[in-house]
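**Q** For reference, the structure I am asking about is given below.
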Amino acid sequence: MGYQSKKKKQFVSFADGGSIELPSYERNKNWFLENKFVILTFFVAALIMCATYWFRGVYPFGDQIVLKVDLYHQYGPFHEELRSRILNHQSLFYSWEGGLGKEFYTQLAYYTTSPLSFLILLFPQGNMPEALALFILLKIAFCGAFFAYYLKESFKRNDMSIVVFGVFYAFTAFVTGYYWNVMWLDSVALFPLIALGIEKLVKEDKHLFYSITLAIVIIVNFYIAFIICIFASLYFLVMLFSNYDWKHDKKIMISRFIKFAIVSIIGGGISMFLTIPTALALGQTATSNTGFPKFEIYQNVYQLITNHFIGARPVVLARNEDLPNVYSGVLAVMLAPLYFANKRVNKKEKIGMAALLIFMLLCSCIKPLDYLIHGAHFPSNLPHRYTFIYSFIMLRLAFVAFWDIKNTKLDILNYAFIIYTCIILLTEFVLAPNISDIDRVLDNGDIVINIVAMICYIILLNIYKGTESTGYATVFTVFFVFAVAEALFSSYVGLDRTTSRDSYVKYIPATDEAVAKLNEKENGNFYRTEFRRFTTINDAALYHYRGFSQFSSLAPGGISDFIGSLGIAATGNSYRYYDPTALVDALFDVKYVMNKADDSGNGEIKNERYHKIDQIDNVWVYQNDRVLPLGFMTDSKIKNWETKDSTPFAVQNQFINDAAG
């Protein structure tokens, strides 16, 4: 008697040739048993994040929240706006909540199309920070689980080793550095499935898995999907030329190439209902038109190798010439040379994988390549947004080397240890102090930890090589402990900027009540509201009022330029209501201004054009009687209004002269 599969159904077969289909419960039980190590990877990664939250005092383990940078100002408010609009049956195409009015559909497409985003509906408004902390935890856990699944399916391995490498992938420097870009994490998690789909297409001529995963990746995040499409094409070429020979398999290779192109187009076509409007919106932003840069090599080239080791802090809010987030675990760095030294590995695959790794490193230190790989655009403050793919390749190579270690001479580990140690000492104690514009990557304690870690891995790999299969469980347990330790350290270092939970949520109840009263008072008339001092730049989305300020990658560049010409604080992708003139308030119908009370309970605004009309707990509400309606008539001379190359005072004065005569 044995188990077999027929058309994806599971049966028990008997010696006489008969068979019976397993009951539903047995099928599910077998699926869980078959994927137990993938599931274990998910929960291990989730527990590591829970431990990190606990160490950092994140609510409910303390009074902190994980919201920082764009997660604080953009993704948090935009998720809350999504929750509110769905629950209140409001339009998903347009919103007045910020930006003087904005397309909500493209905002949804760019920021909140992850399937997990819709779990926000289960959380009250005041628990939005906890919802986002849960999203981060789940997405990082899926990063580990999907990579483990990739290893299981691609290499037909199903034991604790896939847990070890899955944990490493879940806590690479890219993930721990950019975790707050919660919209990116879906793509990081799904990339191993894209790679698996490509391998199925190349090796088995099966295309459905690749087309589905590609469509999902493009839907969940347009921007990172663009980068994934580039590297998916390169990965396909590596797999194609690694598995076939042009002289003997020309027809197969041409067939696979055509099918890959067609399926990629189909996958992209499925997502066009989101990608086309998003692409059009991005084309209107202030950063959409930049010139091709001159050739330049960044200074980070000196420290690329050193940055692979534990203790290399993730680069966040950095210049483009700063170091890429390439840390993927010390074990991966130690095993990579074994992969290339292994004579059993296909030479063409080794050449292709080496080319991919070198190309990505070159993109991180050569300015024109950096520009092109990001879609003819320099990313602002978040450089090298493709390095999760670099980590994927590194860990894939390491896994191959790990599983074929019995057929590899381990002497190379000793040479690797010596070379790595020399490079670390040279860059940290010689180059960094003597080359301008670069700082040390590792402190003295980090250097000691890495040397000890490399020695420990050399010992463990030698023990593993000499271990019989019956002793694998013990060896894997030790590797697992080391992987968890590295992952916990990486996540703890990355989660280094938390903020007070109370300061983020304490104004929500009073503001909700204030906005409700104003809506009742106005009885359907259009008006705008703003806070005198904001919690986030997108307070209108966070508190649900028709607002002025906006911070979004989709902010039209023309509007930002216009707002800036009036003297309002504005950059390429944001503009902020901050102590405006009476004319600005009037032009944009800012009829009510709210102010947050300070610690002493005082929320007074000392400005003669505002008069207090209400006070609700810690929010004070003021009215401005001198406002214009949403639309108003002017003199025809307004067509000559010059808003460029003038001071804000001249621009505003000219408006009065041209509009009123």
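By order in the structure tokens, chains are A, B, ...; within a chain, residues start at 1; ligands start at 1, following the order shown.
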Run DSSP on the backbone and tell me which residues of region 75-308 of chain A come out as strand (DSSP E); list them as a PyMOL selection string.
**A** chain A and resi 94-95+102-103
**Q** Using DSSP on the backbone, list every residue of region 368-415 of chain A that comes out as alpha helix (DSSP H), and give them as a list in words.
**A** Pro368, Leu369, Asp370, Tyr371, Leu372, Ile373, Thr387, Phe388, Ile389, Tyr390, Ser391, Phe392, Ile393, Met394, Leu395, Arg396, Leu397, Ala398, Phe399, Val400, Ala401, Phe402, Trp403, Asp411, Ile412, Leu413, Asn414 and Tyr415 of chain A
**Q** May I have the residues within 9 Å of Phe209 (chain A) as JSON, numbers by chain, using only C-alpha atoms and disregarding those fewer than 5 positions away in the same chain?
**A** {"A": [193, 194, 196, 197, 198, 200, 201, 214]}
**Q** List as JSON lines every residue of region 447-539 of chain A that is in contact with region 105-126 of chain A, defined as an atom at most 12 Å from one of its atoms (using only C-alpha atoms), together with the nearest atom pair and the distance in Å rounded to one decimal, sorted by chain and then rising number.
**A**
```
{"residue": "A:Arg501", "atom": "CA", "partner": "A:Gly126", "partner_atom": "CA", "distance": 10.0}
{"residue": "A:Asp502", "atom": "CA", "partner": "A:Gly126", "partner_atom": "CA", "distance": 10.1}
{"residue": "A:Ser503", "atom": "CA", "partner": "A:Gly126", "partner_atom": "CA", "distance": 11.6}
{"residue": "A:Tyr504", "atom": "CA", "partner": "A:Gly126", "partner_atom": "CA", "distance": 9.0}
{"residue": "A:Val505", "atom": "CA", "partner": "A:Gly126", "partner_atom": "CA", "distance": 5.9}
{"residue": "A:Lys506", "atom": "CA", "partner": "A:Gly126", "partner_atom": "CA", "distance": 8.4}
{"residue": "A:Tyr507", "atom": "CA", "partner": "A:Gly126", "partner_atom": "CA", "distance": 9.6}
{"residue": "A:Ile508", "atom": "CA", "partner": "A:Gly126", "partner_atom": "CA", "distance": 6.9}
{"residue": "A:Pro509", "atom": "CA", "partner": "A:Gly126", "partner_atom": "CA", "distance": 8.3}
{"residue": "A:Ala510", "atom": "CA", "partner": "A:Gly126", "partner_atom": "CA", "distance": 11.7}
{"residue": "A:Thr511", "atom": "CA", "partner": "A:Gly126", "partner_atom": "CA", "distance": 11.9}
{"residue": "A:Asp512", "atom": "CA", "partner": "A:Gln125", "partner_atom": "CA", "distance": 10.1}
```
**Q** Set the distance at 8 Å and use only C-alpha atoms: which residues neighbour region 357-360 of chain A once local chain neighbours fewer than 6 positions away are removed? I'd like the list as an NGL selection string.
**A** :A and (386-387 or 390 or 393-394)
**Q** Output N, CA, C and O atoms for every residue in the selection just made, as a JSON list (two decimals), in the first residue's frame.
**A**
```
[["chain", "number", "residue", "atom", "x", "y", "z"],
["A", 386, "TYR", "N", 17.03, 47.13, -4.86],
["A", 386, "TYR", "CA", 17.01, 45.80, -5.47],
["A", 386, "TYR", "C", 17.81, 44.78, -4.69],
["A", 386, "TYR", "O", 17.91, 43.62, -5.08],
["A", 387, "THR", "N", 18.41, 45.18, -3.57],
["A", 387, "THR", "CA", 19.38, 44.29, -2.91],
["A", 387, "THR", "C", 18.74, 43.08, -2.23],
["A", 387, "THR", "O", 19.46, 42.16, -1.84],
["A", 390, "TYR", "N", 19.68, 40.46, -4.49],
["A", 390, "TYR", "CA", 21.07, 40.07, -4.24],
["A", 390, "TYR", "C", 21.14, 39.07, -3.09],
["A", 390, "TYR", "O", 21.82, 38.04, -3.18],
["A", 393, "ILE", "N", 19.93, 35.63, -4.18],
["A", 393, "ILE", "CA", 20.95, 34.89, -4.93],
["A", 393, "ILE", "C", 22.02, 34.36, -3.99],
["A", 393, "ILE", "O", 22.44, 33.19, -4.09],
["A", 394, "MET", "N", 22.48, 35.19, -3.06],
["A", 394, "MET", "CA", 23.52, 34.77, -2.11],
["A", 394, "MET", "C", 23.06, 33.56, -1.31],
["A", 394, "MET", "O", 23.81, 32.58, -1.14]]
```
